[in-house]
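Engineer: Before anything else, here's the structure in question.
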Amino acid sequence: SINRLLVDSPERKQFQRYARSLLRPTFEALGWEAKGGEPPAAGNLRTSLIRALGDLNDSAIITGCRERFKKYLTDPQTLAPDLRPPVLAVVGHYADDETWNQLHELGLKTTSIEEKQNYYNALAGATEAKLVKKTLPIALTNELPTSRAIFLVSRVARQSDHPELAWDFAKANMKTLLAKTDALGANRYAPGLFTFFAENSRADELRAYAKANLPETSAPEVAKAADEIQFRSEFKRRLTPQLEAWIDKKNR
């Protein structure tokens, strides 16, 4: 998304502010709770807006999610099942140490595959670097099924705003991680972690890493990932002046 692409950019906060202004009226009309007779699409829209506004650093949404999570810890029935994934995602994204530990404990205790995935997805979205570094090693444990553990690292790269930490971790533990996947997945794994970068230098880094460490069969995936990085880099280069002009027009 544009919001992720603008990480560390001075335009990000302004983009978030204007994006929130576009989405919030729709959420206000829907509200947190389902209304009698509303169409099924309204529920899907509500959960999407909670995720989107949370991602855009909407303070009211973040506060609302934290309040609901606090009640959920005491009584899970207070949070409707369809609201749990977006609320947990927002709470995890802005988690502190205490919240991260609460989510992790819930993930360890539950016997529900769906609930476990919700909790670990929330952990993977934490933005504080120290929490990212606590989440990544879980991929090396038996806390998650093998098929899900292998993708925890890529989820961190996508959701946490720290793809560099995910790549550094994967590079240091590649042998163990690849042992959790099949041959086809192994060809895709390392290149897939690079698609969250938007700097041309990362495409060069991927090619160099692949040449030294990956089999020839991974070449198509490497080329695809390198193209994605270069596309994102060019898109960001073109987007920035357009966004600056749009913001300037809005501020007049």
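Note on naming: chains are A, B, ... as they come in the structure tokens, residues start from 1 per chain, ligands start from 1 in the order shown.
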Please provide as a JSON list (two decimals) with N, CA and C atoms, in the first residue's frame all residues within 9 Å of Leu123 of chain A, with the sequence filter that same-chain residues fewer than 4 positions apart are discarded (counting only C-alpha atoms).
Structural biologist:
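Produced file result30.json, reproduced below:
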[["chain", "number", "residue", "atom", "x", "y", "z"],
["A", 88, "LEU", "N", -7.31, -7.29, 16.96],
["A", 88, "LEU", "CA", -6.03, -7.84, 17.39],
["A", 88, "LEU", "C", -4.89, -7.32, 16.52],
["A", 89, "ALA", "N", -5.15, -7.16, 15.23],
["A", 89, "ALA", "CA", -4.11, -6.65, 14.33],
["A", 89, "ALA", "C", -3.70, -5.24, 14.70],
["A", 92, "GLY", "N", -1.84, -5.31, 18.05],
["A", 92, "GLY", "CA", -0.49, -5.83, 17.87],
["A", 92, "GLY", "C", 0.43, -4.85, 17.17],
["A", 93, "HIS", "N", -0.12, -4.11, 16.22],
["A", 93, "HIS", "CA", 0.69, -3.16, 15.45],
["A", 93, "HIS", "C", 1.29, -2.09, 16.36],
["A", 95, "ALA", "N", 1.64, -2.40, 19.71],
["A", 95, "ALA", "CA", 1.88, -3.05, 20.99],
["A", 95, "ALA", "C", 3.11, -2.52, 21.71],
["A", 100, "TRP", "N", 2.43, -7.22, 23.83],
["A", 100, "TRP", "CA", 3.04, -8.30, 23.05],
["A", 100, "TRP", "C", 3.02, -9.60, 23.85],
["A", 103, "LEU", "N", -0.53, -11.08, 24.00],
["A", 103, "LEU", "CA", -0.88, -11.73, 22.74],
["A", 103, "LEU", "C", -0.15, -13.06, 22.58],
["A", 104, "HIS", "N", 1.11, -13.06, 22.96],
["A", 104, "HIS", "CA", 1.90, -14.28, 22.84],
["A", 104, "HIS", "C", 1.35, -15.37, 23.77],
["A", 118, "ASN", "N", -4.67, -15.68, 14.45],
["A", 118, "ASN", "CA", -4.97, -14.27, 14.73],
["A", 118, "ASN", "C", -3.95, -13.66, 15.68],
["A", 119, "TYR", "N", -3.60, -14.40, 16.73],
["A", 119, "TYR", "CA", -2.67, -13.87, 17.72],
["A", 119, "TYR", "C", -1.27, -13.70, 17.13],
["A", 131, "LEU", "N", 10.37, -5.46, 19.53],
["A", 131, "LEU", "CA", 9.33, -6.47, 19.49],
["A", 131, "LEU", "C", 9.41, -7.29, 18.21],
["A", 132, "VAL", "N", 9.80, -6.66, 17.12],
["A", 132, "VAL", "CA", 10.04, -7.40, 15.88],
["A", 132, "VAL", "C", 11.09, -8.48, 16.12],
["A", 135, "THR", "N", 9.55, -11.38, 17.86],
["A", 135, "THR", "CA", 8.62, -12.16, 17.05],
["A", 135, "THR", "C", 9.34, -13.10, 16.10],
["A", 156, "VAL", "N", 6.08, -10.55, 8.94],
["A", 156, "VAL", "CA", 6.77, -9.48, 9.64],
["A", 156, "VAL", "C", 7.31, -8.46, 8.64]]
Engineer: Excluding Ala172 of chain A and any residue of its chain fewer than 5 positions from it, enumerate the residues within 12 Å of it, using only C-alpha atoms, and give them as a ChimeraX atom specification.
Structural biologist: /A:136-137,140,165-167,177-178,190
Engineer: Given only C-alpha atoms, how would the per-residue table for segment 35-144 of chain A near segment 7-18 of chain A read, listing every residue at most 12 Å away with its closest atom pair and distance in Å to one decimal, sorted by chain and number, as JSON lines?
Structural biologist:
{"residue": "A:Ala52", "atom": "CA", "partner": "A:Gln16", "partner_atom": "CA", "distance": 10.2}
{"residue": "A:Leu53", "atom": "CA", "partner": "A:Gln16", "partner_atom": "CA", "distance": 8.8}
{"residue": "A:Gly54", "atom": "CA", "partner": "A:Gln16", "partner_atom": "CA", "distance": 10.3}
{"residue": "A:Asp55", "atom": "CA", "partner": "A:Gln16", "partner_atom": "CA", "distance": 8.7}
{"residue": "A:Leu56", "atom": "CA", "partner": "A:Gln16", "partner_atom": "CA", "distance": 5.2}
{"residue": "A:Asn57", "atom": "CA", "partner": "A:Gln16", "partner_atom": "CA", "distance": 7.2}
{"residue": "A:Asp58", "atom": "CA", "partner": "A:Arg17", "partner_atom": "CA", "distance": 8.3}
{"residue": "A:Ser59", "atom": "CA", "partner": "A:Arg17", "partner_atom": "CA", "distance": 10.8}
{"residue": "A:Thr127", "atom": "CA", "partner": "A:Val7", "partner_atom": "CA", "distance": 11.3}
Engineer: List every residue of segment 135-183 of chain A that DSSP, applied to the backbone of this structure, assigns to helix (DSSP H, G or I), and report them as a PyMOL selection string.
Structural biologist: chain A and resi 135-140+146-149+152-159+163-172+174-178+183
Engineer: Set the distance at 10 Å and use only C-alpha atoms: which residues neighbour Leu144 of chain A once local chain neighbours fewer than 6 positions away are removed? I'd like the list as an mmCIF file with N, CA, C and O atoms, in the first residue's frame.
Structural biologist:
data_model
loop_
_atom_site.group_PDB
_atom_site.id
_atom_site.type_symbol
_atom_site.label_atom_id
_atom_site.label_comp_id
_atom_site.auth_asym_id
_atom_site.auth_seq_id
_atom_site.Cartn_x
_atom_site.Cartn_y
_atom_site.Cartn_z
ATOM 1 N N GLY A 107 -1.693 -16.821 22.307
ATOM 2 C CA GLY A 107 -1.337 -17.702 21.203
ATOM 3 C C GLY A 107 -0.821 -19.051 21.663
ATOM 4 O O GLY A 107 -1.095 -20.084 21.039
ATOM 5 N N LEU A 108 -0.079 -19.066 22.750
ATOM 6 C CA LEU A 108 0.460 -20.315 23.285
ATOM 7 C C LEU A 108 -0.630 -21.182 23.909
ATOM 8 O O LEU A 108 -0.576 -22.416 23.828
ATOM 9 N N ILE A 113 -6.973 -23.310 15.923
ATOM 10 C CA ILE A 113 -6.031 -22.927 14.869
ATOM 11 C C ILE A 113 -6.303 -21.506 14.393
ATOM 12 O O ILE A 113 -5.376 -20.718 14.168
ATOM 13 N N LYS A 116 -5.197 -18.999 17.097
ATOM 14 C CA LYS A 116 -3.739 -18.962 17.155
ATOM 15 C C LYS A 116 -3.178 -18.105 16.017
ATOM 16 O O LYS A 116 -2.288 -17.282 16.223
ATOM 17 N N GLN A 117 -3.733 -18.289 14.822
ATOM 18 C CA GLN A 117 -3.257 -17.511 13.687
ATOM 19 C C GLN A 117 -3.517 -16.022 13.889
ATOM 20 O O GLN A 117 -2.672 -15.178 13.556
ATOM 21 N N TYR A 120 -0.813 -14.690 16.394
ATOM 22 C CA TYR A 120 0.544 -14.607 15.839
ATOM 23 C C TYR A 120 0.618 -13.611 14.686
ATOM 24 O O TYR A 120 1.663 -12.980 14.477
ATOM 25 N N ILE A 138 10.298 -16.845 16.701
ATOM 26 C CA ILE A 138 9.212 -17.813 16.840
ATOM 27 C C ILE A 138 9.158 -18.723 15.621
ATOM 28 O O ILE A 138 8.751 -19.891 15.712
ATOM 29 N N ILE A 150 6.925 -20.881 8.658
ATOM 30 C CA ILE A 150 7.828 -20.435 7.608
ATOM 31 C C ILE A 150 7.425 -19.068 7.062
ATOM 32 O O ILE A 150 8.260 -18.279 6.629
ATOM 33 N N LEU A 152 5.874 -16.701 8.832
ATOM 34 C CA LEU A 152 5.853 -15.653 9.854
ATOM 35 C C LEU A 152 6.855 -14.548 9.513
ATOM 36 O O LEU A 152 6.584 -13.366 9.701
#
Engineer: Quick one: contact table of segment 65-177 of chain A to segment 192-211 of chain A, 7 Å max, nearest atom pair and distance in Å to one decimal per residue, counting only C-alpha atoms, chain and number order, as JSON lines?
Structural biologist:
{"residue": "A:Ser154", "atom": "CA", "partner": "A:Leu193", "partner_atom": "CA", "distance": 5.8}
{"residue": "A:Ala157", "atom": "CA", "partner": "A:Phe196", "partner_atom": "CA", "distance": 6.6}
{"residue": "A:Arg158", "atom": "CA", "partner": "A:Phe196", "partner_atom": "CA", "distance": 6.1}
{"residue": "A:Pro163", "atom": "CA", "partner": "A:Phe196", "partner_atom": "CA", "distance": 6.4}
{"residue": "A:Trp167", "atom": "CA", "partner": "A:Leu193", "partner_atom": "CA", "distance": 6.5}
Engineer: Calculate how many Å separate atom CA of Thr74 of chain A from atom CA of Tyr94 of chain A, rounding to one decimal.
Structural biologist: 20.3 Å
Engineer: In Å, with one decimal, what is the gap from atom CA of Glu67 of chain A to atom CA of Trp32 of chain A?
Structural biologist: 12.1 Å
Engineer: Of the residues A:Arg51, A:Arg46, A:Arg4, A:Lys134, which is the one nearest to Phe169 of chain A, using only C-alpha atoms?
Structural biologist: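 Comparing A:Arg51, A:Arg46, A:Arg4, A:Lys134 against Phe169 of chain A, the winner is A:Lys134.
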Engineer: Go ahead and compute the interatomic distance for atom CA of Ala60 of chain A and atom CA of Ala34 of chain A, in Å to one decimal.
Structural biologist: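 These two atoms are separated by 18.3 Å.
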Engineer: For Cys65 of chain A, which residue out of A:Lys109, A:Lys175, A:Lys130, A:Arg84 is the nearest one, using only C-alpha atoms?
Structural biologist: A:Arg84
Engineer: Taking only C-alpha atoms into account, name the residue in A:Arg232, A:Gln102, A:Asp96, A:Ile50 that is nearest to Leu73 of chain A.
Structural biologist: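 Of A:Arg232, A:Gln102, A:Asp96, A:Ile50, the one nearest Leu73 of chain A, counting only C-alpha atoms, is A:Gln102.
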Engineer: Which of these residues is nearest to Leu83 of chain A, using only C-alpha atoms: A:Glu33, A:Pro145, A:Met174, A:Asp97?
Structural biologist: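 Using only C-alpha atoms, the shortest distance to Leu83 of chain A belongs to A:Glu33.
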